[in-house]
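Take a look at the structure below.
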Amino acid sequence: MKLKVYTKRINEPFTSKILKKAFDLEFKKVAAGKNIFFEAYDEFMSEKKKGKEWSEATIKRYDNIKNILKKFEIAKKYKFTFSNINDFFHREFTSYCMDDLKHINNTYSRNLGLFKTFMFWARKKNYTYNDAFIEFKKVDRVITNQIALTIEDLNKLMQHQFESSKLERVRDVFVFACVTGMRFGELSLITKTNVTDNFIILKEDKDETKEAREIPLTSISRYILLKYDYKLPLIANQKQNEYIKDVFQELKYNHKVQKVTTKGKENIKEDMFFYDRISTHTARRTFITMMKRQGKSDKLIASITGHNDMKTLNQYYQISEPEKKEAMDEVFNIEIPLKKISGN
């Protein structure tokens, strides 16, 4: 560990005070009793936001992590300092998230990963030289069973006549996302100027180096765009999630389905109404699932959805029971001999 002290030629002697000031600046030393952990966290977030490195969804996730850390500090009386980020903290924080907050494996693992990203930044910025966090192990992530719709479901949605204009608009936005594969947060980027006869040209402002995506228009996506003069009737994601359940409830999607989540080594099974499993994210999953079922390549799908990681893309696709049966019947389509089997 080296301390680099840069000095100018000044008409005063090099004293211990000058050395101490340089040392404090290099090692982010602060007055005794002052805790800079959350100040560093705020600087971390500010730097990333100013650099346009994060999407709105990522900003919300890091805001959420800060809130969890604050609540943990109060609930467990655990004073946050960089030197206190150790194995004991890891055990206590894991217990707090999974036992007190009831987080499932995937939620906890994602949050711990974001926390470690902050700690790597803090280490790089010399806020700490404590590297115990590097060894913090995440619990095993699992692919939870999720809902994806079929073309029959989309046709049923589009044919339904809603008395509520609010639900009609919510339906239209949801179906549009289903047939384009766009994230809900990307829908606001559509304007008349970035739609051609055949494509939506999507360019995200946050990454100037990334090439624009060309999302092909279909008859239904073009119809919905024309219906709203290229300005989709968007509402807050939270409200869209709330109202899309009302849409499916009105269409009598009220049969029970099982939701399986994993906490630690335990599988938690919960019976829920189908409509309660629907969210804005169902649309993107539906797009990927329908394309995969039609045999379209991962590379082609990713070029539309914007995925860089094929592993992440494939987590959206889950094979259904009917699909497995259909595949088995196609592969093992063997004629049964007419001769009666002895003993039957």
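Starting from 1 in every chain, residues are counted up; chains themselves are A, B, ... following the order of the structure tokens, and ligands are numbered from 1 as listed.
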
Every residue of segment 180-264 of chain A that DSSP places in alpha helix (DSSP H), as a PyMOL selection string: chain A and resi 180+219-227+237-250

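Counting only C-alpha atoms, segment 184-200 of chain A has the following residues at most 8 Å away, ignoring those fewer than 5 positions along the same chain: Ala177, Arg213, Glu214, Ile215, Pro216, Leu217, Thr218, Asp229, Tyr230, Lys231, Leu232, Leu234, Asn237, Thr280 and His281 of chain A.
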
Residues of segment 120-172 of chain A within 12 Å of segment 67-91 of chain A: nearest atom pair and distance (Å, one decimal) for each, counting only C-alpha atoms, sorted by chain and number, as a Markdown table?
```
| residue | atom | partner | partner_atom | distance |
| --- | --- | --- | --- | --- |
| A:Phe120 | CA | A:Phe82 | CA | 11.7 |
| A:Ala122 | CA | A:Phe82 | CA | 9.0 |
| A:Arg123 | CA | A:Phe82 | CA | 9.6 |
| A:Asn126 | CA | A:Phe82 | CA | 10.9 |
| A:Tyr127 | CA | A:Phe82 | CA | 7.8 |
| A:Thr128 | CA | A:Phe82 | CA | 6.2 |
| A:Tyr129 | CA | A:Ser83 | CA | 8.6 |
| A:Asn130 | CA | A:Ser83 | CA | 6.4 |
| A:Asp131 | CA | A:Asn86 | CA | 8.7 |
| A:Ala132 | CA | A:Asn86 | CA | 5.6 |
| A:Phe133 | CA | A:Asn86 | CA | 6.5 |
| A:Ile134 | CA | A:Asn86 | CA | 9.8 |
| A:Glu135 | CA | A:Asp87 | CA | 8.6 |
| A:Phe136 | CA | A:His90 | CA | 6.7 |
| A:Lys137 | CA | A:His90 | CA | 8.8 |
| A:Lys138 | CA | A:His90 | CA | 9.9 |
| A:Val139 | CA | A:Arg91 | CA | 11.6 |
```

Those of segment 138-293 of chain A in DSSP strand (DSSP E or B), formatted as a PyMOL selection string: chain A and resi 195+199-202+213-216+256-263+266-273

Closest of A:Leu157, A:Tyr243, A:Arg285, A:Ile36 to Thr312 of chain A - atom-to-atom distances counting only C-alpha atoms: A:Arg285

Separation of atom CA of Met272 of chain A from atom CA of Met291 of chain A in Å: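 Interatomic distance here is 26.7 Å.
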
Residues near Asn254 of chain A, cut-off 12 Å, only C-alpha atoms, skip fewer than 3 positions along chain, as a list of chain:residue names: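 Residues meeting the cut-off are A:Lys245, A:Asp246, A:Val247, A:Phe248, A:Gln249, A:Glu250, A:Leu251, A:Val257, A:Asp271, A:Met272, A:Phe273, A:Phe274, A:Tyr275, A:Asp276, A:Arg277, A:Ile278.
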